[in-house]
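Enquirer: Handing you a structure now.
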Amino acid sequence: MTIAWQQTGVADTGTTSLSLAYPVTGLAAGDIFLLCVACKKAVYPSTPLGWTLITGAQGTNAGNGDGSVDQGYGRVSVYYKIAVGTESGSQAVTITSGNSAIGVIVRYRSTRPVLFAASVGADDTTGSNTWSTTGAQALDVKVGDVVVAVSAINTDAYTFSSEEPTIGAATFAAVAERHDAGTNRGDDCALVVSEHTVTGAGSSASPTFTMTSSGNGTNAPEGTTVLFRMQEALGRVQAQILG
């Protein structure tokens with residue numbers, strides 16, 4: 001029983017639209033696509049046809065003024081799709097009233113159907129090089145689950161490392177960073193996607209998440225992180241979102 005990363009697609013940047021490449025090397029029917037988007041000064045992206053929203057969050061800190069370059073808040077949203085095995089090309093994403101956006105599709109494979117559970121994101125508003133958020137709902141994790149953290153950041157000036165969730169007594173394998181890049185389109189934003197496999201001491205608790213920025217300024221990096229769990233199901237359900 002395993003859930004394993006297969007491939008990360010080529011990211012795209014834009015303002016009101018994105019074209020995200022499907023990662024299809026070795027694609028098999030039943031694989032799980034995750035579509036992750038960070039955007040700024042916008043409503044959430046329209047859910048693409050055939051995709052299901054897992055979770056999304058909007059930062060609440062306005063930084064200095066309306067959230068101009070390297071300031072303000074971002075929105076993050078994550079969607080999933082079960083592959084039919086013939087996907088190719090790219091997926092269009094529409095972001096009404098967008099100003100700055102970046103997105104990527106990540107593909108996983110599971111030996112069983114998968115259950116998703118999400119903890120609504122929380123903000124980091126410190127403008128320091130230590131990013132820290134606390135989720136609003138508890139996540140129930142067990143050995144073998146994969147926890148994915150997706151962060152929307154209000155600047156493209158920095159990169160991130162040492163991503164680490166804390167969920168009660170659970171222990172995790174070494175972090176696997178699946179995406180870390182930004183865009184200077186519009187007023188700048190960035191997207192970080194990291195993967196954390198539970199290796200011991202299953203637990204249920206509100207998750208915290210930390211990572212380290214390569215630098216910081218008065219109003220950056222700031223933004224929001226969502227965390228969700230992928231867990232193999234014992235029944236025949238193909239995929240389901242809980243909570």
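Letters A, B, ... mark the chains of the structure tokens in the order given; residue numbers begin at 1 per chain; ligand numbers begin at 1, in order shown.
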Which residues are near Ala173 of chain A? Cut-off 12 Å, only C-alpha atoms, ignore same chain within fewer than 6 positions. Put them as number ranges by chain.

Expert: A: 143-147, 163-165, 194-200

Enquirer: Store the residues picked out above in a file with C-alpha atoms, as a compact mmCIF listing (two decimals), in the first residue's frame.

Expert:
# COMPACT_ATOMS: atom_id res chain seq x y z
CA VAL A 143 1.43 5.67 8.74
CA GLY A 144 1.64 5.70 4.95
CA ASP A 145 -0.47 8.82 4.45
CA VAL A 146 0.95 11.64 2.34
CA VAL A 147 0.47 15.19 3.61
CA GLU A 163 9.36 22.60 4.93
CA GLU A 164 7.94 20.77 7.95
CA PRO A 165 4.42 19.96 9.18
CA SER A 194 5.96 20.11 -0.52
CA GLU A 195 5.23 16.47 0.26
CA HIS A 196 5.49 14.75 3.65
CA THR A 197 4.94 10.99 4.11
CA VAL A 198 3.82 9.86 7.56
CA THR A 199 6.25 7.26 8.91
CA GLY A 200 5.13 6.80 12.51

Enquirer: Hey, what's within 6 Å of segment 14-31 of chain A if we count only C-alpha atoms and toss same-chain stuff fewer than 4 positions away? As a ChimeraX atom specification, please?

Expert: /A:7-10,82-85,88-96,98-101,104,108-109

Enquirer: The selected residues should be written to file as a compact mmCIF listing (two decimals), in the first residue's frame (atoms: C-alpha atoms).

Expert:
# COMPACT_ATOMS: atom_id res chain seq x y z
CA GLN A 7 6.03 13.59 -11.95
CA THR A 8 5.64 17.36 -11.69
CA GLY A 9 4.51 19.23 -14.79
CA VAL A 10 5.91 22.43 -16.22
CA ILE A 82 -8.36 10.94 -11.44
CA ALA A 83 -6.57 10.18 -14.70
CA VAL A 84 -8.32 8.24 -17.44
CA GLY A 85 -4.87 7.54 -18.87
CA SER A 88 -2.10 15.14 -22.78
CA GLY A 89 -1.26 18.75 -23.54
CA SER A 90 -2.27 21.33 -20.97
CA GLN A 91 -5.14 22.38 -18.74
CA ALA A 92 -6.49 25.91 -19.00
CA VAL A 93 -7.24 27.78 -15.77
CA THR A 94 -9.21 31.04 -15.65
CA ILE A 95 -8.61 33.60 -12.88
CA THR A 96 -11.15 36.42 -13.07
CA GLY A 98 -6.31 38.28 -11.69
CA ASN A 99 -3.14 40.28 -11.28
CA SER A 100 -0.41 37.69 -10.70
CA ALA A 101 -0.66 33.89 -10.76
CA VAL A 104 1.51 23.56 -11.61
CA TYR A 108 0.76 10.70 -7.88
CA ARG A 109 0.02 6.98 -8.06

Enquirer: For atom CA of Asp123 of chain A and atom CA of Ala57 of chain A, determine how far apart the two atoms are, in Å to one decimal place.

Expert: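 Atom CA of Asp123 of chain A sits 9.0 Å away from atom CA of Ala57 of chain A.
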
Enquirer: Quick one: pick out all strand (DSSP E) residues within segment 42-103 of chain A from a backbone DSSP run and write them as JSON, numbers by chain.

Expert: {"A": [52, 53, 54, 55, 56, 57, 58, 75, 76, 77, 78, 79, 80, 81, 82, 90, 91, 92, 93, 94, 100, 101, 102, 103]}

Enquirer: Suppose you want the space between atom CA of Thr224 of chain A and atom CA of Thr155 of chain A; what is it in Å?

Expert: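 So the answer is 12.2 Å.
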
Enquirer: Give the answer as one residue: which of A:Gln6, A:Thr111, A:Ser46, A:Gln58 has the shortest atom-to-atom distance to Leu234 of chain A, using only C-alpha atoms?

Expert: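 Among the listed residues, A:Thr111 lies closest to Leu234 of chain A.
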
Enquirer: Can you work out which one of A:Trp5, A:Leu53, A:Lys40, A:Ser151 has the shortest atom-to-atom distance to Thr133 of chain A, counting only C-alpha atoms?

Expert: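 Looking at the shortest contact to Thr133 of chain A, the residue is A:Ser151.
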
Enquirer: Can you pull out every residue within 12 Å of Ala201 of chain A, counting only C-alpha atoms, but drop anything in the same chain fewer than 4 positions away, and send it as a list of chain:residue names?

Expert: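 Non-adjacent residues within range: A:Asp140, A:Val141, A:Lys142, A:Val143, A:Gly144, A:Asp145, A:Thr166, A:Ile167, A:Gly168, A:Ala169, A:Ala170, A:Thr171, A:Phe172, A:Thr197.
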
Enquirer: Counting only C-alpha atoms, figure out which residue out of A:Glu232, A:Asp70, A:Glu222, A:Glu87 gets nearest to Asp188 of chain A.

Expert: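 The shortest atom-to-atom distance to Asp188 of chain A comes from A:Asp70.
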
Enquirer: Neighbouring residues of Thr126 of chain A were defined as those with any atom within 8 Å, considering only C-alpha atoms; residues of the same chain fewer than 4 positions away were excluded. Please report them as a list in words.

Expert: Trp131, Asn219, Ala220, Pro221 and Glu222 of chain A

Enquirer: Please, could you write that set of residues out with N, CA and C atoms as a PDB file, in the first residue's frame?

Expert:
ATOM      1  N   TRP A 131       8.686  31.075   8.056  1.00  0.00           N
ATOM      2  CA  TRP A 131       7.272  30.966   7.695  1.00  0.00           C
ATOM      3  C   TRP A 131       6.601  30.023   8.685  1.00  0.00           C
ATOM      4  N   ASN A 219       7.345  43.524   4.372  1.00  0.00           N
ATOM      5  CA  ASN A 219       6.024  42.930   4.152  1.00  0.00           C
ATOM      6  C   ASN A 219       6.082  41.608   3.396  1.00  0.00           C
ATOM      7  N   ALA A 220       7.235  40.990   3.356  1.00  0.00           N
ATOM      8  CA  ALA A 220       7.365  39.734   2.618  1.00  0.00           C
ATOM      9  C   ALA A 220       8.500  38.895   3.226  1.00  0.00           C
ATOM     10  N   PRO A 221       8.380  37.572   3.146  1.00  0.00           N
ATOM     11  CA  PRO A 221       7.267  36.825   2.551  1.00  0.00           C
ATOM     12  C   PRO A 221       6.071  36.744   3.493  1.00  0.00           C
ATOM     13  N   GLU A 222       4.884  36.920   2.942  1.00  0.00           N
ATOM     14  CA  GLU A 222       3.637  36.715   3.664  1.00  0.00           C
ATOM     15  C   GLU A 222       2.677  35.981   2.739  1.00  0.00           C
TER      16      GLU A 222
END

Enquirer: Grab the atom CA of Ser214 of chain A to atom CA of Ala157 of chain A distance for me, in Å with one decimal place.

Expert: 8.7 Å
